[in-house]
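Engineer: I am sharing start_12.txt, which consists of compact mmCIF, C-alpha atoms:
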# COMPACT_ATOMS: atom_id res chain seq x y z
CA MET I 1 -14.16 14.08 -20.83
CA SER I 2 -15.02 10.46 -21.68
CA GLU I 3 -18.76 10.06 -21.11
CA ASN I 4 -18.85 6.40 -22.15
CA VAL I 5 -16.40 5.18 -19.48
CA ASP I 6 -17.68 3.90 -16.16
CA ILE I 7 -16.63 1.33 -13.56
CA SER I 8 -17.81 -1.52 -15.80
CA SER I 9 -15.56 -0.55 -18.73
CA PRO I 10 -12.56 -2.80 -19.46
CA LEU I 11 -9.07 -1.27 -19.47
CA THR I 12 -6.27 -2.38 -21.78
CA LEU I 13 -2.82 -1.60 -20.37
CA PRO I 14 0.28 -0.53 -22.31
CA CYS I 15 1.71 -4.08 -22.03
CA GLY I 16 -1.40 -5.49 -23.74
CA ALA I 17 -3.12 -7.05 -20.72
CA THR I 18 -6.81 -6.20 -20.21
CA LEU I 19 -8.61 -5.69 -16.90
CA LYS I 20 -12.30 -6.64 -17.07
CA ASN I 21 -13.51 -3.52 -15.23
CA ARG I 22 -12.20 -0.35 -13.58
CA ILE I 23 -12.43 -1.42 -9.91
CA ALA I 24 -9.26 -2.58 -8.15
CA LYS I 25 -9.02 -3.88 -4.62
CA GLY I 26 -6.34 -1.68 -3.08
CA ALA I 27 -3.41 -3.26 -1.29
CA MET I 28 -4.06 -4.01 2.39
CA THR I 29 -1.76 -5.83 4.77
CA GLU I 30 -3.16 -9.28 5.61
CA GLY I 31 -0.84 -10.69 8.31
CA LEU I 32 -1.65 -14.24 7.22
CA GLY I 33 1.90 -15.47 6.55
CA ASP I 34 3.25 -18.45 8.53
CA SER I 35 6.32 -18.51 10.78
CA LEU I 36 8.55 -18.76 7.69
CA ASN I 37 6.70 -15.87 6.01
CA ARG I 38 5.12 -18.13 3.42
CA ALA I 39 1.64 -17.84 1.95
CA THR I 40 -1.04 -19.94 3.70
CA GLU I 41 -4.51 -21.33 3.25
CA GLY I 42 -5.69 -18.07 4.84
CA HIS I 43 -4.58 -16.18 1.73
CA VAL I 44 -6.40 -18.71 -0.45
CA ARG I 45 -9.68 -18.28 1.46
CA LEU I 46 -9.44 -14.48 1.58
CA TYR I 47 -8.44 -13.89 -2.03
CA ARG I 48 -10.93 -16.38 -3.45
CA ARG I 49 -13.62 -14.45 -1.63
CA TRP I 50 -12.36 -11.15 -3.06
CA ALA I 51 -11.95 -12.60 -6.58
CA GLU I 52 -15.56 -13.77 -6.47
CA GLY I 53 -16.53 -10.27 -5.29
CA GLY I 54 -16.31 -8.73 -8.75
CA ALA I 55 -13.24 -6.45 -8.85
CA GLY I 56 -11.27 -6.38 -12.10
CA MET I 57 -7.94 -6.51 -10.30
CA LEU I 58 -6.76 -7.38 -6.79
CA LEU I 59 -3.57 -5.99 -5.30
CA THR I 60 -2.00 -8.10 -2.56
CA GLY I 61 -0.75 -6.60 0.66
CA ASN I 62 2.98 -6.05 1.14
CA VAL I 63 5.02 -9.04 -0.04
CA GLN I 64 8.48 -8.32 1.32
CA VAL I 65 11.72 -8.71 -0.61
CA ASP I 66 13.75 -8.91 2.63
CA ARG I 67 12.35 -10.73 5.69
CA ARG I 68 14.69 -8.71 7.93
CA CYS I 69 12.73 -5.55 7.05
CA MET I 70 9.02 -6.32 6.97
CA GLU I 71 6.02 -4.12 7.56
CA ARG I 72 4.68 -6.64 10.10
CA PRO I 73 5.67 -10.15 11.23
CA GLY I 74 2.84 -11.87 9.34
CA ASN I 75 3.92 -10.63 5.89
CA VAL I 76 4.67 -13.00 3.06
CA ALA I 77 8.34 -12.66 2.08
CA ILE I 78 10.11 -13.74 -1.10
CA ASP I 79 13.66 -13.58 0.14
CA GLY I 80 16.06 -15.79 -1.80
CA PRO I 81 15.37 -19.21 -3.39
CA GLN I 82 11.92 -20.53 -2.53
CA SER I 83 11.27 -24.01 -1.14
CA ASN I 84 8.88 -26.34 -2.94
CA GLU I 85 6.37 -25.74 -0.14
CA ALA I 86 6.59 -21.96 -0.61
CA ILE I 87 6.12 -22.24 -4.38
CA VAL I 88 3.10 -24.52 -3.98
CA ALA I 89 1.57 -22.09 -1.48
CA LEU I 90 2.09 -19.12 -3.83
CA ARG I 91 0.51 -21.02 -6.72
CA SER I 92 -2.54 -21.83 -4.59
CA TYR I 93 -2.74 -18.17 -3.57
CA ALA I 94 -2.52 -17.04 -7.22
CA LYS I 95 -5.10 -19.57 -8.40
CA ALA I 96 -7.61 -18.36 -5.81
CA GLY I 97 -7.00 -14.68 -6.56
CA THR I 98 -7.34 -15.08 -10.32
CA ALA I 99 -10.72 -16.86 -10.18
CA ASN I 100 -13.63 -15.19 -11.95
CA ASP I 101 -11.33 -13.73 -14.66
CA THR I 102 -9.70 -11.48 -12.04
CA HIS I 103 -6.19 -10.07 -12.27
CA LEU I 104 -4.05 -10.60 -9.16
CA TRP I 105 -1.02 -8.35 -8.84
CA MET I 106 1.59 -8.90 -6.16
CA GLN I 107 2.62 -5.75 -4.33
CA ILE I 108 6.34 -6.08 -3.62
CA SER I 109 7.92 -3.96 -0.93
CA HIS I 110 10.71 -3.32 1.57
CA ALA I 111 9.59 -1.66 4.80
CA GLY I 112 12.83 0.21 5.48
CA ARG I 113 12.77 2.20 8.72
CA GLN I 114 9.04 1.45 9.18
CA THR I 115 9.93 -2.10 10.20
CA PRO I 116 8.53 -2.79 13.71
CA ALA I 117 11.13 -3.31 16.43
CA SER I 118 9.55 -6.73 17.05
CA VAL I 119 10.86 -7.74 13.61
CA ASN I 120 14.17 -5.84 13.59
CA LYS I 121 15.53 -3.29 16.06
CA GLU I 122 17.99 -1.94 13.46
CA PRO I 123 16.25 -1.99 10.06
CA LEU I 124 17.88 -0.83 6.84
CA ALA I 125 17.11 2.64 5.51
CA PRO I 126 18.70 5.24 3.22
CA SER I 127 19.97 7.12 6.29
CA ALA I 128 19.95 6.64 10.06
CA THR I 129 16.87 8.87 10.43
CA PRO I 130 14.44 7.38 12.98
CA LEU I 131 10.66 7.73 12.91
CA ALA I 132 9.37 10.57 15.07
CA MET I 133 6.36 8.75 16.52
CA PRO I 134 5.09 8.05 20.05
CA GLY I 135 5.10 4.56 21.53
CA GLY I 136 8.60 3.31 20.73
CA GLN I 137 7.35 0.71 18.25
CA PHE I 138 10.17 1.22 15.77
CA GLY I 139 13.93 0.81 16.11
CA THR I 140 16.76 3.07 14.98
CA PRO I 141 17.54 2.45 11.30
CA ARG I 142 21.00 1.86 9.88
CA ALA I 143 22.10 3.61 6.69
CA MET I 144 22.49 1.15 3.83
CA THR I 145 25.76 0.63 2.01
CA GLY I 146 25.93 0.96 -1.76
CA ALA I 147 26.20 -2.82 -2.05
CA GLU I 148 23.03 -3.26 0.02
CA ILE I 149 21.15 -0.86 -2.25
CA GLU I 150 22.22 -2.84 -5.32
CA ASP I 151 21.12 -6.00 -3.52
CA VAL I 152 17.64 -4.53 -2.92
CA ILE I 153 17.26 -3.90 -6.66
CA ARG I 154 18.05 -7.55 -7.36
CA ARG I 155 15.61 -8.64 -4.65
CA PHE I 156 12.73 -6.72 -6.24
CA ALA I 157 13.45 -8.23 -9.65
CA PHE I 158 13.67 -11.73 -8.16
CA ALA I 159 10.38 -11.37 -6.30
CA ALA I 160 8.67 -10.15 -9.47
CA THR I 161 9.96 -13.20 -11.36
CA VAL I 162 8.64 -15.54 -8.68
CA ALA I 163 5.27 -13.74 -8.83
CA ARG I 164 5.05 -14.22 -12.59
CA ASP I 165 6.16 -17.85 -12.44
CA THR I 166 3.64 -18.80 -9.75
CA GLY I 167 0.60 -17.36 -11.53
CA PHE I 168 0.25 -13.78 -10.35
CA THR I 169 -0.72 -11.63 -13.33
CA GLY I 170 1.25 -8.47 -12.49
CA VAL I 171 3.30 -6.71 -9.83
CA GLN I 172 3.18 -3.38 -8.06
CA VAL I 173 6.33 -1.76 -6.66
CA HIS I 174 5.49 -0.05 -3.37
CA GLY I 175 7.10 3.37 -3.65
CA ALA I 176 4.77 5.18 -1.22
CA HIS I 177 3.66 5.46 2.42
CA GLY I 178 7.12 5.89 3.93
CA TYR I 179 8.54 2.45 3.12
CA LEU I 180 12.07 2.07 1.76
CA ILE I 181 11.65 3.44 -1.78
CA SER I 182 9.51 6.28 -0.43
CA GLU I 183 12.24 6.99 2.14
CA PHE I 184 14.83 7.29 -0.62
CA LEU I 185 12.57 9.78 -2.41
CA SER I 186 12.21 11.99 0.68
CA PRO I 187 14.95 14.58 1.31
CA ASP I 188 13.77 14.71 4.93
CA VAL I 189 14.65 11.05 5.45
CA ASN I 190 17.33 10.49 2.81
CA VAL I 191 20.29 12.69 3.73
CA ARG I 192 22.86 10.72 1.73
CA THR I 193 25.55 12.57 -0.20
CA ASP I 194 26.38 9.80 -2.70
CA GLU I 195 24.66 8.91 -5.99
CA TRP I 196 21.56 7.71 -4.07
CA GLY I 197 20.87 11.04 -2.31
CA GLY I 198 20.79 14.79 -2.77
CA SER I 199 19.10 15.74 -6.05
CA LEU I 200 15.68 14.37 -6.96
CA GLU I 201 17.32 12.43 -9.80
CA ASN I 202 19.57 10.68 -7.28
CA ARG I 203 16.76 10.10 -4.77
CA ALA I 204 14.57 8.56 -7.49
CA ARG I 205 17.39 6.35 -8.76
CA LEU I 206 16.41 3.36 -6.61
CA LEU I 207 12.79 3.41 -7.81
CA LEU I 208 13.73 3.73 -11.48
CA GLU I 209 16.43 1.05 -11.28
CA VAL I 210 13.95 -1.31 -9.58
CA VAL I 211 11.39 -0.76 -12.35
CA ARG I 212 14.03 -1.33 -15.04
CA ALA I 213 15.35 -4.48 -13.37
CA ILE I 214 11.85 -5.90 -13.08
CA ARG I 215 11.06 -5.19 -16.73
CA ARG I 216 14.24 -6.96 -17.81
CA ALA I 217 13.31 -9.93 -15.61
CA VAL I 218 9.62 -10.37 -16.52
CA GLY I 219 9.46 -9.23 -20.14
CA ALA I 220 7.40 -6.69 -22.04
CA ASP I 221 3.96 -8.29 -21.68
CA PHE I 222 3.75 -8.56 -17.88
CA PRO I 223 2.04 -5.63 -16.06
CA ILE I 224 4.26 -3.47 -13.84
CA SER I 225 2.71 -0.85 -11.58
CA VAL I 226 4.12 1.60 -9.04
CA LYS I 227 2.44 3.10 -5.98
CA LEU I 228 3.74 6.65 -5.54
CA ASN I 229 3.01 9.34 -3.00
CA SER I 230 1.41 12.47 -4.41
CA ALA I 231 3.23 14.07 -1.46
CA ASP I 232 4.48 13.10 1.99
CA PHE I 233 2.51 16.00 3.54
CA GLN I 234 5.54 16.81 5.67
CA ARG I 235 7.66 19.93 5.30
CA GLY I 236 11.02 19.02 3.86
CA GLY I 237 9.70 15.70 2.52
CA PHE I 238 8.78 14.43 -0.94
CA SER I 239 6.71 17.24 -2.46
CA HIS I 240 3.88 17.24 -4.97
CA GLU I 241 6.16 18.91 -7.49
CA ASP I 242 8.67 16.09 -6.94
CA ALA I 243 5.87 13.57 -7.53
CA ILE I 244 4.93 15.10 -10.87
CA THR I 245 8.55 14.95 -12.04
CA VAL I 246 9.04 11.34 -10.91
CA ALA I 247 5.75 10.41 -12.61
CA THR I 248 7.08 11.74 -15.92
CA TRP I 249 10.21 9.60 -15.50
CA LEU I 250 8.07 6.53 -14.82
CA ASN I 251 5.92 7.35 -17.83
CA ALA I 252 9.08 7.27 -19.97
CA GLU I 253 9.80 3.76 -18.64
CA GLY I 254 6.54 2.45 -20.13
CA LEU I 255 4.86 1.82 -16.79
CA ASP I 256 1.50 0.03 -17.07
CA LEU I 257 -0.26 1.70 -14.13
CA LEU I 258 0.67 4.41 -11.62
CA GLU I 259 -1.29 4.45 -8.37
CA ILE I 260 -1.41 7.86 -6.69
CA SER I 261 -1.49 7.86 -2.90
CA GLY I 262 0.10 9.91 -0.13
CA GLY I 263 1.40 10.11 3.41
CA THR I 264 3.56 7.99 5.71
CA TYR I 265 3.21 6.47 9.18
CA GLU I 266 4.00 9.92 10.58
CA GLN I 267 1.45 11.52 8.24
CA PRO I 268 -1.23 8.84 7.67
CA ARG I 269 -3.25 10.76 5.07
CA LEU I 270 -3.58 7.45 3.19
CA VAL I 271 -6.34 6.54 5.68
CA GLY I 272 -7.66 10.06 6.14
CA LEU I 273 -6.05 10.67 9.55
CA ASP I 274 -4.11 13.69 10.80
CA ASP I 275 -0.40 13.63 11.65
CA MET I 276 0.88 11.16 14.23
CA THR I 277 4.37 12.61 14.36
CA LEU I 278 6.13 14.04 17.42
CA HIS I 279 6.89 17.09 15.24
CA PRO I 280 3.45 18.44 14.19
CA GLU I 281 5.07 21.73 13.19
CA LYS I 282 6.39 19.89 10.11
CA SER I 283 2.91 18.83 9.01
CA GLU I 284 1.66 20.28 5.72
CA THR I 285 -1.97 21.32 5.48
CA ARG I 286 -3.97 19.92 2.59
CA LYS I 287 -5.90 22.31 0.38
CA GLU I 288 -9.56 22.78 1.35
CA SER I 289 -10.58 21.73 -2.16
CA THR I 290 -8.74 18.45 -1.62
CA ILE I 291 -10.27 17.82 1.80
CA ALA I 292 -13.76 18.41 0.37
CA ARG I 293 -13.35 15.82 -2.37
CA GLU I 294 -14.63 12.28 -1.99
CA ALA I 295 -11.26 10.74 -2.91
CA TYR I 296 -8.26 11.96 -0.92
CA PHE I 297 -5.74 12.23 -3.76
CA LEU I 298 -7.86 13.05 -6.81
CA GLU I 299 -6.83 16.71 -6.85
CA TYR I 300 -3.16 15.68 -6.93
CA ALA I 301 -3.84 13.07 -9.61
CA LYS I 302 -5.22 15.83 -11.85
CA ASP I 303 -1.82 17.52 -11.90
CA ILE I 304 -0.04 14.25 -12.64
CA ARG I 305 -2.55 13.39 -15.39
CA ALA I 306 -1.61 16.64 -17.14
CA ALA I 307 2.02 15.46 -17.30
CA VAL I 308 1.70 11.76 -18.24
CA THR I 309 -0.15 9.42 -20.60
CA MET I 310 0.08 6.12 -18.67
CA PRO I 311 -2.99 4.77 -16.86
CA LEU I 312 -3.54 6.24 -13.37
CA MET I 313 -5.30 4.84 -10.31
CA VAL I 314 -6.35 6.51 -7.06
CA THR I 315 -7.16 4.63 -3.86
CA GLY I 316 -8.44 6.30 -0.73
CA GLY I 317 -11.83 7.80 0.00
CA PHE I 318 -13.97 6.65 -2.94
CA ARG I 319 -17.33 5.68 -1.48
CA THR I 320 -20.07 6.59 -4.01
CA LEU I 321 -20.81 5.13 -7.43
CA ALA I 322 -21.40 8.64 -8.76
CA GLY I 323 -18.00 9.81 -7.49
CA MET I 324 -16.22 6.84 -9.03
CA ASN I 325 -17.84 7.28 -12.43
CA ALA I 326 -17.29 11.05 -12.41
CA ALA I 327 -13.57 10.54 -11.75
CA LEU I 328 -13.32 8.08 -14.64
CA GLN I 329 -15.33 10.27 -17.02
CA SER I 330 -13.13 13.29 -16.25
CA CYS I 331 -10.15 11.20 -17.44
CA THR I 332 -8.33 12.10 -14.21
CA VAL I 333 -7.98 8.39 -13.41
CA ASP I 334 -8.39 5.12 -15.27
CA MET I 335 -8.85 2.79 -12.27
CA ILE I 336 -10.71 3.20 -8.99
CA GLY I 337 -9.07 1.65 -5.94
CA LEU I 338 -11.26 0.41 -3.10
CA ALA I 339 -9.73 -0.93 0.09
CA ARG I 340 -11.43 -0.63 3.49
CA PRO I 341 -15.00 -1.22 2.20
CA LEU I 342 -13.83 -4.69 1.09
CA CYS I 343 -12.75 -5.51 4.66
CA VAL I 344 -16.40 -5.62 5.68
CA ASP I 345 -18.15 -6.46 2.40
CA PRO I 346 -15.89 -8.41 0.01
CA ALA I 347 -18.64 -8.39 -2.65
CA VAL I 348 -19.09 -4.62 -2.78
CA PRO I 349 -17.51 -4.31 -6.30
CA ALA I 350 -20.15 -6.65 -7.78
CA LYS I 351 -22.90 -4.68 -6.01
CA LEU I 352 -21.57 -1.38 -7.37
CA LEU I 353 -21.29 -2.85 -10.86
CA ALA I 354 -24.87 -4.15 -10.68
CA GLY I 355 -26.14 -0.83 -9.30
CA THR I 356 -27.69 -2.51 -6.26
CA VAL I 357 -25.38 -0.45 -4.04
CA ARG I 358 -24.63 3.17 -4.85
CA GLN I 359 -22.56 4.01 -1.78
CA THR I 360 -20.29 1.85 0.33
CA ALA I 361 -20.27 1.82 4.12
CA MET I 362 -17.98 4.39 5.75
CA TYR I 363 -16.89 2.72 8.97
CA GLU I 364 -13.77 4.90 9.13
CA LYS I 365 -16.03 7.90 9.91
CA THR I 366 -17.28 6.38 13.17
CA LEU I 367 -14.43 4.16 14.37
CA ARG I 368 -12.88 5.74 17.49
CA ILE I 369 -11.99 4.84 21.04
CA GLY I 370 -14.28 7.53 22.41
CA PRO I 371 -15.68 11.05 21.89
CA GLY I 372 -13.80 14.36 22.05
CA ILE I 373 -10.29 14.09 23.45
CA LEU I 374 -10.57 10.28 23.24
CA GLY I 375 -11.08 10.46 19.46
CA PRO I 376 -8.68 10.40 16.48
CA HIS I 377 -8.20 14.19 16.57
CA SER I 378 -7.21 14.30 20.23
CA ARG I 379 -4.63 16.87 21.31
CA PHE I 380 -2.79 14.05 23.07
CA ASN I 381 -0.35 12.25 20.77
CA LEU I 382 -0.69 8.91 22.56
CA VAL I 383 -4.51 8.94 22.32
CA LYS I 384 -4.28 9.97 18.68
CA ALA I 385 -1.86 7.10 18.04
CA MET I 386 -4.10 4.60 19.86
CA ASN I 387 -7.04 5.64 17.68
CA GLY I 388 -4.93 5.38 14.53
CA TRP I 389 -3.54 1.94 15.37
CA GLY I 390 -6.92 0.83 16.74
CA GLN I 391 -8.67 1.75 13.50
CA GLN I 392 -5.91 0.03 11.52
CA GLY I 393 -6.22 -3.02 13.77
CA TRP I 394 -10.01 -3.08 13.32
CA PHE I 395 -9.68 -3.44 9.55
CA CYS I 396 -6.74 -5.86 9.80
CA LEU I 397 -8.63 -8.14 12.18
CA GLN I 398 -11.51 -8.33 9.69
CA LEU I 399 -9.07 -9.75 7.11
CA LEU I 400 -7.78 -12.27 9.63
CA ARG I 401 -11.38 -13.37 10.27
CA MET I 402 -12.01 -13.90 6.56
CA GLY I 403 -8.71 -15.77 6.27
CA GLU I 404 -10.02 -18.10 8.97
CA GLY I 405 -13.21 -18.67 6.98
CA LYS I 406 -15.34 -16.40 9.18
CA ASP I 407 -17.46 -13.40 8.25
CA PRO I 408 -16.33 -9.86 9.16
CA ASP I 409 -17.54 -8.46 12.51
CA PRO I 410 -18.63 -4.82 12.02
CA LYS I 411 -19.62 -4.56 15.71
CA MET I 412 -16.01 -5.01 16.87
CA GLY I 413 -14.89 -2.23 19.24
CA VAL I 414 -11.91 -0.01 18.39
CA PHE I 415 -10.20 -0.30 21.77
CA SER I 416 -10.56 -4.08 21.79
CA ALA I 417 -9.24 -4.08 18.20
CA PHE I 418 -6.24 -2.05 19.37
CA ARG I 419 -5.46 -4.59 22.09
CA ASN I 420 -6.21 -7.71 20.06
CA TYR I 421 -4.24 -6.49 17.06
CA ALA I 422 -1.23 -5.80 19.30
CA LYS I 423 -1.56 -9.28 20.87
CA ASN I 424 -1.76 -10.89 17.44
CA GLU I 425 1.34 -9.05 16.21
CA ALA I 426 3.32 -9.99 19.33
CA LYS I 427 2.28 -13.64 19.00
CA THR I 428 3.15 -13.70 15.29
CA ALA I 429 6.53 -12.04 15.91
CA ALA I 430 7.38 -14.54 18.66
CA ALA I 431 6.63 -17.43 16.30
CA LEU I 432 8.90 -16.19 13.50
CA GLN I 433 11.68 -18.62 12.60
CA ARG I 434 14.43 -16.08 12.08
If you convert what's in this file into structure tokens, what do you get?
Structural biologist:
Amino acid sequence: MSENVDISSPLTLPCGATLKNRIAKGAMTEGLGDSLNRATEGHVRLYRRWAEGGAGMLLTGNVQVDRRCMERPGNVAIDGPQSNEAIVALRSYAKAGTANDTHLWMQISHAGRQTPASVNKEPLAPSATPLAMPGGQFGTPRAMTGAEIEDVIRRFAFAATVARDTGFTGVQVHGAHGYLISEFLSPDVNVRTDEWGGSLENRARLLLEVVRAIRRAVGADFPISVKLNSADFQRGGFSHEDAITVATWLNAEGLDLLEISGGTYEQPRLVGLDDMTLHPEKSETRKESTIAREAYFLEYAKDIRAAVTMPLMVTGGFRTLAGMNAALQSCTVDMIGLARPLCVDPAVPAKLLAGTVRQTAMYEKTLRIGPGILGPHSRFNLVKAMNGWGQQGWFCLQLLRMGEGKDPDPKMGVFSAFRNYAKNEAKTAAALQR
């Protein structure tokens, strides 16, 4: 126990950098990139607002290392040499996000098979294992060659170097939520028989080589974080036992912060939803003790904490000041990640720190298309998917509003968010200069 630690306490990382408090804005996709996937004035407006909101550290949404395989068409991508315009835009983005003595870490990612078909109908993945989801939104992936895997490692290191050189104060490697690195970790998705598949050591090779390449590129004093699934929550996938082992390997690499999360698009436990897969028989049930907790992945973080010494962070479900401080004082985690509450109230960290707010709003508990079979736990896969994407769209559209200089709209309907989000993505995809 550490009774003197609370959300206001600073945190010094293994690399020597210090975060002013223990609240981090979790990574959330913004969709504000232009037709060349560059940062825009929308990022500047949004991240200045968040930086002024009091968090010690802000994590960006997915910045892609390969614009052929993005999580959505409006992502920022650092894919090869950057134009002067792109560099200027990134510097403006970094300056806004580091206001108020705030750290701004770029989350760097490759979407793998979770690339929408509107971006690429044949995205790269460890194996040609398609997503089992309703709606036909994703194409059939192509298994990567060994040379393409080596290229991805170089891309991550290059993106991290650009982040450092343009004023971002750290990077996070996205190794969770079913994106490319997470896919390599999962034996259910990665069925390779070469040195990149099979044993856990081989499946974790991409993640570890990416971390090593980044450290060589950015030096010893620049923060490097990883987002890792505590489990995929899918039978045959990346297990909690696997996660503990991989965490020990990352600890040995001198990682500055490990964020514990969980789930994939098929199993969206990262946002507290049930499975959206066409194969529900493969879904793993979470322990009742885990479901009862305020934060989704705190129980899993406890097991990882017992195996590692590096700082840990959990994002997902924290809503009360008491819950946040209790998690810190138990030494289970060192940083508290908040995401969706900042979509509606970007100043909620400052309010929590001042004690004027002791519990954040919980919009995710009430956002649904309708009651009963029209809700997020419907027995109909399509309705369940519409609720899931509608809720996701609701939060994403709030970020777009703030990027446009507007205030969030908490009265927005979920079904209208589902439609308007889909329209926005289609419009953004059509405008891409490929």
Engineer: Which residues are near Phe138 in chain I? Cut-off 6 Å, all atoms listed in the file, ignore same chain within fewer than 2 positions. Put them as a VMD selection string.
Structural biologist: chain I and resid 116 to 117 136
Engineer: For range 195-197 of chain I, list every protein, DNA or RNA residue within 12 Å, evaluated using all atoms listed in the file, and leave out those in the same chain fewer than 5 positions away; present the list as a PyMOL selection string.
Structural biologist: chain I and resi 125-127+143-150+181+183-190+202-209
Engineer: Selection from above, C-alpha atoms, as a PDB file, in the coordinates of the input, can you write it?
Structural biologist:
ATOM      1  CA  ALA I 125      17.110   2.640   5.510  1.00  0.00           C
ATOM      2  CA  PRO I 126      18.700   5.240   3.220  1.00  0.00           C
ATOM      3  CA  SER I 127      19.970   7.120   6.290  1.00  0.00           C
ATOM      4  CA  ALA I 143      22.100   3.610   6.690  1.00  0.00           C
ATOM      5  CA  MET I 144      22.490   1.150   3.830  1.00  0.00           C
ATOM      6  CA  THR I 145      25.760   0.630   2.010  1.00  0.00           C
ATOM      7  CA  GLY I 146      25.930   0.960  -1.760  1.00  0.00           C
ATOM      8  CA  ALA I 147      26.200  -2.820  -2.050  1.00  0.00           C
ATOM      9  CA  GLU I 148      23.030  -3.260   0.020  1.00  0.00           C
ATOM     10  CA  ILE I 149      21.150  -0.860  -2.250  1.00  0.00           C
ATOM     11  CA  GLU I 150      22.220  -2.840  -5.320  1.00  0.00           C
ATOM     12  CA  ILE I 181      11.650   3.440  -1.780  1.00  0.00           C
ATOM     13  CA  GLU I 183      12.240   6.990   2.140  1.00  0.00           C
ATOM     14  CA  PHE I 184      14.830   7.290  -0.620  1.00  0.00           C
ATOM     15  CA  LEU I 185      12.570   9.780  -2.410  1.00  0.00           C
ATOM     16  CA  SER I 186      12.210  11.990   0.680  1.00  0.00           C
ATOM     17  CA  PRO I 187      14.950  14.580   1.310  1.00  0.00           C
ATOM     18  CA  ASP I 188      13.770  14.710   4.930  1.00  0.00           C
ATOM     19  CA  VAL I 189      14.650  11.050   5.450  1.00  0.00           C
ATOM     20  CA  ASN I 190      17.330  10.490   2.810  1.00  0.00           C
ATOM     21  CA  ASN I 202      19.570  10.680  -7.280  1.00  0.00           C
ATOM     22  CA  ARG I 203      16.760  10.100  -4.770  1.00  0.00           C
ATOM     23  CA  ALA I 204      14.570   8.560  -7.490  1.00  0.00           C
ATOM     24  CA  ARG I 205      17.390   6.350  -8.760  1.00  0.00           C
ATOM     25  CA  LEU I 206      16.410   3.360  -6.610  1.00  0.00           C
ATOM     26  CA  LEU I 207      12.790   3.410  -7.810  1.00  0.00           C
ATOM     27  CA  LEU I 208      13.730   3.730 -11.480  1.00  0.00           C
ATOM     28  CA  GLU I 209      16.430   1.050 -11.280  1.00  0.00           C
TER      29      GLU I 209
END
Engineer: Go ahead and compute the interatomic distance for CA of Pro223 in chain I and CA of Thr161 in chain I, in Å to one decimal.
Structural biologist: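 Straight-line distance from CA of Pro223 in chain I to CA of Thr161 in chain I works out to 11.9 Å.
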Engineer: Nearest residue to Thr356 in chain I out of I:Asn62, I:Leu321, I:Met412, I:Gly337, using all atoms listed in the file?
Structural biologist: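 Once distances to Thr356 in chain I are computed over all atoms listed in the file, the minimum belongs to I:Leu321.
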Engineer: So what do you get for CA of Gly390 in chain I versus CA of Lys427 in chain I, distance-wise?
Structural biologist: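 According to the coordinates, CA of Gly390 in chain I and CA of Lys427 in chain I are separated by 17.3 Å.
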Engineer: Using the atoms already present, construct N, CA and C atoms for range 60-71 of chain I and hand them back as an mmCIF file, in the coordinates of the input.
Structural biologist:
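Below is the file rebuild.cif, written as the result:
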data_model
loop_
_atom_site.group_PDB
_atom_site.id
_atom_site.type_symbol
_atom_site.label_atom_id
_atom_site.label_comp_id
_atom_site.auth_asym_id
_atom_site.auth_seq_id
_atom_site.Cartn_x
_atom_site.Cartn_y
_atom_site.Cartn_z
ATOM 1 N N THR I 60 -2.304 -7.472 -3.845
ATOM 2 C CA THR I 60 -2.000 -8.100 -2.560
ATOM 3 C C THR I 60 -1.492 -7.048 -1.589
ATOM 4 N N GLY I 61 -1.459 -7.418 -0.309
ATOM 5 C CA GLY I 61 -0.750 -6.600 0.660
ATOM 6 C C GLY I 61 0.743 -6.785 0.478
ATOM 7 N N ASN I 62 1.521 -6.007 1.221
ATOM 8 C CA ASN I 62 2.980 -6.050 1.140
ATOM 9 C C ASN I 62 3.540 -7.465 1.097
ATOM 10 N N VAL I 63 4.185 -7.835 0.014
ATOM 11 C CA VAL I 63 5.020 -9.040 -0.040
ATOM 12 C C VAL I 63 6.455 -8.539 0.013
ATOM 13 N N GLN I 64 7.180 -8.934 1.046
ATOM 14 C CA GLN I 64 8.480 -8.320 1.320
ATOM 15 C C GLN I 64 9.609 -8.998 0.552
ATOM 16 N N VAL I 65 10.558 -8.180 0.112
ATOM 17 C CA VAL I 65 11.720 -8.710 -0.610
ATOM 18 C C VAL I 65 12.879 -9.010 0.344
ATOM 19 N N ASP I 66 12.714 -8.663 1.634
ATOM 20 C CA ASP I 66 13.750 -8.910 2.630
ATOM 21 C C ASP I 66 13.053 -9.158 3.964
ATOM 22 N N ARG I 67 13.088 -10.396 4.458
ATOM 23 C CA ARG I 67 12.350 -10.730 5.690
ATOM 24 C C ARG I 67 12.961 -10.096 6.929
ATOM 25 N N ARG I 68 14.124 -9.464 6.808
ATOM 26 C CA ARG I 68 14.690 -8.710 7.930
ATOM 27 C C ARG I 68 14.014 -7.356 8.089
ATOM 28 N N CYS I 69 13.340 -6.890 7.045
ATOM 29 C CA CYS I 69 12.730 -5.550 7.050
ATOM 30 C C CYS I 69 11.312 -5.638 6.514
ATOM 31 N N MET I 70 10.413 -6.132 7.368
ATOM 32 C CA MET I 70 9.020 -6.320 6.970
ATOM 33 C C MET I 70 8.126 -5.291 7.634
ATOM 34 N N GLU I 71 6.988 -5.068 7.026
ATOM 35 C CA GLU I 71 6.020 -4.120 7.560
ATOM 36 C C GLU I 71 5.335 -4.669 8.810
#
